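**Student:** Structure provided below as structure tokens; questions to follow.
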Amino acid sequence: MQLNLSMTLVLVATSCSLTTAAAEAIPAADSPSLHVRPLTVTPAHTPMVYVLVKNEAAEPYRGEVRVDLPGDWKTVPAVRTVELRPGEATEVGFASEGGVNRAENRYRVTVRATSSDGGEVSREQEIVCASAPYFKPGIDGRMDDWKDAIPVTWRTSGKRTTLRTYWSRRAFSLLVEVEEDERLAHERSGGHCDAVQLAVAPRDALTTTSPDGQAERFEFLLLPTGEGTGEVLQLIAPGQKLAQGTQRRSIERLRQDGSIDGAELVVSRSDGLTRYECKLPMRPMYRKLRPTEGREFQLGLVVHDAGAEGTGPRALGAALGFPAPGGSRQGWSRWVGDSFGEDPPGANRVLWGMCSSKY
């Protein structure tokens, strides 16, 4: 059995905020379930707005779906008609016009489904623009280069995480800012470590429920090694068996398996924030991602916040309301020091865009 990662969203509706704890499943009585996908083009550039709809009932569903957007921003057409068999899911798209970019990159929307017999289901969400502008930042611990990136921010147990990304034909770059009280928990025998775990995959990549299946993602560990320093280790790559990722390998074993040639990582800490500034070479991923303006790919990210006052794993997908599908044990690689517990947070990658600029 295989799961299309971009379609697993239809199993649950997000809450009205980007707080991990608030991402709740739709009650079984509510049908259809509704989820507005993150944008991959900023509002001022008239993005498509996609709604994932699933008929949760035992009877066929026929109705209309609409999305109410902020201010004068509207969809074209105003409504879409859907017809769904029991258990069937679909995605409906709306063109948009009149959108205005917001610096905080949060847009409150309401999605409604009105059935042919007049019944209505509605959900409120905050959606974001999940996209990387074209730019080549210096990886030097300075924040000047990141002012034109598009921030995606969420909170886990009250602690803020912000992700910013850039792309070029030579590199994929990211800055992760982690609000945390304690000093960094570095590698130690048998203990948990602070780190960032990252997965990058083609838009239509699949995850199988079988450990004998092959990975279709590139997965990396961004690991602090000292004041201002860090290393990038590869956890799994396309073509490798997923069973390799489910084995809890030690950090030393990961080092023996090889580092990422050309990768750069600076880890710094100030004012209660830990910053992971990283550049990953595009060359090993080029044929899979085919980087160009307008291309979409799947991005997954988990922050491991260790220590007595740490939050544990902070998953981007869970923060945006993505469910943990069946086969989630294959969705993330394990390593000695991770904070996953028994169950990783699912193969819940976010569709991420490559754009020329946020302006």
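Chains: A, B, ... in order of the structure tokens. Residues: from 1 per chain. Ligands: from 1, in order shown.
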Select from stretch 90-243 of chain A everything DSSP, run on the backbone, classes as helix (DSSP H, G or I), then give the selection as a list in words.
**Tutor:** Asp144, Asp145, Trp146, Leu242 and Ala243 of chain A
**Student:** From a DSSP pass on the backbone, collect the residues of stretch 84-304 of chain A flagged as strand (DSSP E or B) and hand them back as number ranges by chain.
**Tutor:** A: 84, 89-97, 107-115, 120-127, 129, 131-134, 152-156, 159-167, 171-179, 195-202, 206-208, 214, 218-226, 229-236, 241, 249, 259, 264-270, 273-281, 296-304
**Student:** Deliver the residues from the most recent selection as a file, using C-alpha atoms, as an mmCIF file, in the first residue's frame.
**Tutor:**
```cif
data_model
loop_
_atom_site.group_PDB
_atom_site.id
_atom_site.type_symbol
_atom_site.label_atom_id
_atom_site.label_comp_id
_atom_site.auth_asym_id
_atom_site.auth_seq_id
_atom_site.Cartn_x
_atom_site.Cartn_y
_atom_site.Cartn_z
ATOM 1 C CA LEU A 84 -18.443 12.493 -3.716
ATOM 2 C CA ALA A 89 -11.830 12.653 -1.458
ATOM 3 C CA THR A 90 -11.140 15.389 -3.980
ATOM 4 C CA GLU A 91 -9.311 18.689 -4.309
ATOM 5 C CA VAL A 92 -11.046 21.787 -5.688
ATOM 6 C CA GLY A 93 -9.178 24.872 -6.833
ATOM 7 C CA PHE A 94 -10.137 28.529 -6.929
ATOM 8 C CA ALA A 95 -8.328 31.341 -8.702
ATOM 9 C CA SER A 96 -7.964 34.410 -6.491
ATOM 10 C CA GLU A 97 -7.709 38.160 -6.900
ATOM 11 C CA TYR A 107 -4.278 34.653 6.623
ATOM 12 C CA ARG A 108 -7.510 33.715 8.388
ATOM 13 C CA VAL A 109 -9.994 32.011 6.093
ATOM 14 C CA THR A 110 -13.307 30.205 6.441
ATOM 15 C CA VAL A 111 -14.170 27.291 4.190
ATOM 16 C CA ARG A 112 -17.830 26.204 3.888
ATOM 17 C CA ALA A 113 -19.568 23.236 2.313
ATOM 18 C CA THR A 114 -23.327 23.527 1.730
ATOM 19 C CA SER A 115 -25.084 20.286 0.772
ATOM 20 C CA GLU A 120 -23.669 23.319 6.096
ATOM 21 C CA VAL A 121 -20.234 22.461 7.482
ATOM 22 C CA SER A 122 -17.659 25.208 8.018
ATOM 23 C CA ARG A 123 -14.083 25.408 9.281
ATOM 24 C CA GLU A 124 -11.907 28.356 10.191
ATOM 25 C CA GLN A 125 -8.179 28.200 9.530
ATOM 26 C CA GLU A 126 -5.088 30.325 9.459
ATOM 27 C CA ILE A 127 -3.194 29.506 6.294
ATOM 28 C CA CYS A 129 2.289 31.012 2.119
ATOM 29 C CA SER A 131 7.306 29.197 -0.500
ATOM 30 C CA ALA A 132 11.011 29.849 -0.972
ATOM 31 C CA PRO A 133 12.103 32.956 -2.928
ATOM 32 C CA TYR A 134 15.138 32.768 -5.214
ATOM 33 C CA VAL A 152 6.295 30.461 8.648
ATOM 34 C CA THR A 153 5.816 30.602 12.423
ATOM 35 C CA TRP A 154 4.110 28.214 14.832
ATOM 36 C CA ARG A 155 4.033 27.562 18.584
ATOM 37 C CA THR A 156 4.507 24.303 20.449
ATOM 38 C CA LYS A 159 7.415 28.166 22.361
ATOM 39 C CA ARG A 160 7.844 29.798 18.953
ATOM 40 C CA THR A 161 9.513 28.251 15.905
ATOM 41 C CA THR A 162 10.052 30.192 12.661
ATOM 42 C CA LEU A 163 11.194 28.734 9.350
ATOM 43 C CA ARG A 164 12.548 30.773 6.423
ATOM 44 C CA THR A 165 13.717 29.294 3.109
ATOM 45 C CA TYR A 166 15.472 30.237 -0.139
ATOM 46 C CA TRP A 167 16.314 28.284 -3.263
ATOM 47 C CA ALA A 171 21.451 25.220 -3.145
ATOM 48 C CA PHE A 172 18.420 24.995 -0.876
ATOM 49 C CA SER A 173 18.897 27.228 2.167
ATOM 50 C CA LEU A 174 16.945 27.535 5.384
ATOM 51 C CA LEU A 175 16.954 29.426 8.660
ATOM 52 C CA VAL A 176 15.182 27.869 11.649
ATOM 53 C CA GLU A 177 14.728 30.026 14.758
ATOM 54 C CA VAL A 178 13.838 28.056 17.904
ATOM 55 C CA GLU A 179 12.625 29.759 21.066
ATOM 56 C CA ALA A 195 18.668 19.237 16.446
ATOM 57 C CA VAL A 196 16.622 19.922 13.322
ATOM 58 C CA GLN A 197 15.448 17.068 11.100
ATOM 59 C CA LEU A 198 14.580 17.913 7.519
ATOM 60 C CA ALA A 199 12.953 15.979 4.667
ATOM 61 C CA VAL A 200 12.857 17.123 1.028
ATOM 62 C CA ALA A 201 11.055 15.177 -1.705
ATOM 63 C CA PRO A 202 9.557 15.610 -5.184
ATOM 64 C CA LEU A 206 5.095 8.391 -2.075
ATOM 65 C CA THR A 207 5.679 6.747 1.274
ATOM 66 C CA THR A 208 4.981 3.049 1.634
ATOM 67 C CA GLN A 214 12.237 2.377 -1.110
ATOM 68 C CA PHE A 218 16.173 13.151 1.024
ATOM 69 C CA GLU A 219 16.383 13.404 4.804
ATOM 70 C CA PHE A 220 18.981 15.318 6.807
ATOM 71 C CA LEU A 221 19.936 15.954 10.434
ATOM 72 C CA LEU A 222 21.207 19.421 11.366
ATOM 73 C CA LEU A 223 23.193 18.807 14.527
ATOM 74 C CA PRO A 224 24.874 21.407 16.791
ATOM 75 C CA THR A 225 28.453 20.469 17.663
ATOM 76 C CA GLY A 226 29.619 23.501 19.634
ATOM 77 C CA THR A 229 29.160 25.214 14.800
ATOM 78 C CA GLY A 230 27.204 22.265 13.491
ATOM 79 C CA GLU A 231 27.253 19.407 11.021
ATOM 80 C CA VAL A 232 24.824 18.044 8.439
ATOM 81 C CA LEU A 233 24.298 14.278 8.384
ATOM 82 C CA GLN A 234 22.241 12.335 5.859
ATOM 83 C CA LEU A 235 19.598 10.014 7.296
ATOM 84 C CA ILE A 236 18.184 8.511 4.105
ATOM 85 C CA LYS A 241 15.216 0.871 1.944
ATOM 86 C CA ARG A 249 21.345 4.585 14.419
ATOM 87 C CA SER A 259 28.737 13.705 5.561
ATOM 88 C CA GLU A 264 27.088 24.430 5.455
ATOM 89 C CA LEU A 265 25.588 24.906 8.922
ATOM 90 C CA VAL A 266 25.994 27.651 11.509
ATOM 91 C CA VAL A 267 24.224 27.244 14.857
ATOM 92 C CA SER A 268 24.061 30.309 17.085
ATOM 93 C CA ARG A 269 22.177 31.293 20.217
ATOM 94 C CA SER A 270 21.132 34.675 21.633
ATOM 95 C CA LEU A 273 16.643 31.864 20.428
ATOM 96 C CA THR A 274 18.676 29.120 18.800
ATOM 97 C CA ARG A 275 19.239 29.709 15.085
ATOM 98 C CA TYR A 276 20.079 26.979 12.589
ATOM 99 C CA GLU A 277 21.314 28.570 9.347
ATOM 100 C CA CYS A 278 21.959 25.943 6.690
ATOM 101 C CA LYS A 279 22.755 25.508 3.007
ATOM 102 C CA LEU A 280 22.213 22.148 1.312
ATOM 103 C CA PRO A 281 23.788 21.576 -2.104
ATOM 104 C CA GLU A 296 6.551 22.661 -5.995
ATOM 105 C CA PHE A 297 8.166 20.056 -3.761
ATOM 106 C CA GLN A 298 7.454 18.394 -0.422
ATOM 107 C CA LEU A 299 9.099 19.757 2.717
ATOM 108 C CA GLY A 300 9.003 18.244 6.189
ATOM 109 C CA LEU A 301 10.702 19.633 9.281
ATOM 110 C CA VAL A 302 10.921 18.591 12.931
ATOM 111 C CA VAL A 303 12.746 20.528 15.639
ATOM 112 C CA HIS A 304 14.034 18.342 18.466
#
```
**Student:** Env of A:His192: 8 Å cut, atoms = only C-alpha atoms, seq-sep filter 2 positions within chain, self excluded. Answer as a list in words.
**Tutor:** Ala185, Glu187, Arg188, Gly190, Asp194, Ala306, Gly307, Val336, Gly337, Asp338 and Ser339 of chain A
**Student:** For the selection just defined, write its residues with N, CA and C atoms to a file, as a PDB file, in the first residue's frame.
**Tutor:**
```pdb
ATOM      1  N   ALA A 185      21.296  21.382  24.121  1.00  0.00           N
ATOM      2  CA  ALA A 185      21.638  20.034  24.581  1.00  0.00           C
ATOM      3  C   ALA A 185      22.416  19.356  23.459  1.00  0.00           C
ATOM      4  N   GLU A 187      25.163  16.506  21.727  1.00  0.00           N
ATOM      5  CA  GLU A 187      25.249  15.045  21.682  1.00  0.00           C
ATOM      6  C   GLU A 187      25.861  14.506  22.971  1.00  0.00           C
ATOM      7  N   ARG A 188      25.215  13.500  23.506  1.00  0.00           N
ATOM      8  CA  ARG A 188      25.768  12.802  24.655  1.00  0.00           C
ATOM      9  C   ARG A 188      25.232  11.370  24.651  1.00  0.00           C
ATOM     10  N   GLY A 190      23.387   8.218  24.989  1.00  0.00           N
ATOM     11  CA  GLY A 190      22.094   7.790  25.512  1.00  0.00           C
ATOM     12  C   GLY A 190      21.099   8.887  25.767  1.00  0.00           C
ATOM     13  N   ASP A 194      19.391  18.442  21.043  1.00  0.00           N
ATOM     14  CA  ASP A 194      18.745  19.463  20.237  1.00  0.00           C
ATOM     15  C   ASP A 194      19.228  19.305  18.797  1.00  0.00           C
ATOM     16  N   ALA A 306      15.317  19.249  23.265  1.00  0.00           N
ATOM     17  CA  ALA A 306      15.567  18.329  24.373  1.00  0.00           C
ATOM     18  C   ALA A 306      15.669  19.102  25.687  1.00  0.00           C
ATOM     19  N   GLY A 307      16.062  18.405  26.752  1.00  0.00           N
ATOM     20  CA  GLY A 307      16.232  19.027  28.056  1.00  0.00           C
ATOM     21  C   GLY A 307      14.984  18.948  28.909  1.00  0.00           C
ATOM     22  N   VAL A 336      19.668   7.812  17.537  1.00  0.00           N
ATOM     23  CA  VAL A 336      19.869   7.838  18.989  1.00  0.00           C
ATOM     24  C   VAL A 336      20.029   9.291  19.425  1.00  0.00           C
ATOM     25  N   GLY A 337      19.065   9.764  20.215  1.00  0.00           N
ATOM     26  CA  GLY A 337      19.056  11.162  20.639  1.00  0.00           C
ATOM     27  C   GLY A 337      17.829  11.901  20.170  1.00  0.00           C
ATOM     28  N   ASP A 338      17.000  11.276  19.282  1.00  0.00           N
ATOM     29  CA  ASP A 338      15.799  11.967  18.816  1.00  0.00           C
ATOM     30  C   ASP A 338      14.762  12.051  19.936  1.00  0.00           C
ATOM     31  N   SER A 339      13.745  12.889  19.725  1.00  0.00           N
ATOM     32  CA  SER A 339      12.719  13.109  20.745  1.00  0.00           C
ATOM     33  C   SER A 339      11.358  12.600  20.300  1.00  0.00           C
TER      34      SER A 339
END
```
**Student:** Please determine, counting only C-alpha atoms, which residue among A:Phe340, A:Ser356, A:Gly71, A:Gly310 has the shortest atom-to-atom distance to A:Leu184.
**Tutor:**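 Going through A:Phe340, A:Ser356, A:Gly71, A:Gly310 one by one, the smallest distance to A:Leu184 is for A:Gly310.
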**Student:** Would you compute the distance between atom CA of A:Gly119 and atom CA of A:Glu56? Give it in Å to one decimal.
**Tutor:**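 Going from atom CA of A:Gly119 over to atom CA of A:Glu56 covers 14.3 Å.
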**Student:** Could you work out how far atom CA of A:Thr46 lies from atom CA of A:Gly99, giving the answer in Å with one decimal?
**Tutor:**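 Value for the atom CA of A:Gly99-atom CA of A:Thr46 distance: 6.6 Å.
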**Student:** Rank nothing, just name the residue among A:Thr292, A:Asn348, A:Thr40, A:Gln330 nearest to A:Arg170, using only C-alpha atoms.
**Tutor:** A:Thr292
**Student:** Please compute the atom CA of A:Ala57-atom CA of A:Thr81 distance, one decimal, in Å.
**Tutor:**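 Going from atom CA of A:Ala57 over to atom CA of A:Thr81 covers 17.4 Å.
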**Student:** Looking at A:Leu39, A:Val51, A:Ala237, A:Leu69, which one is nearest to A:Ile150, with distances taken over only C-alpha atoms?
**Tutor:**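 Among the listed residues, the smallest separation from A:Ile150 belongs to A:Leu39.
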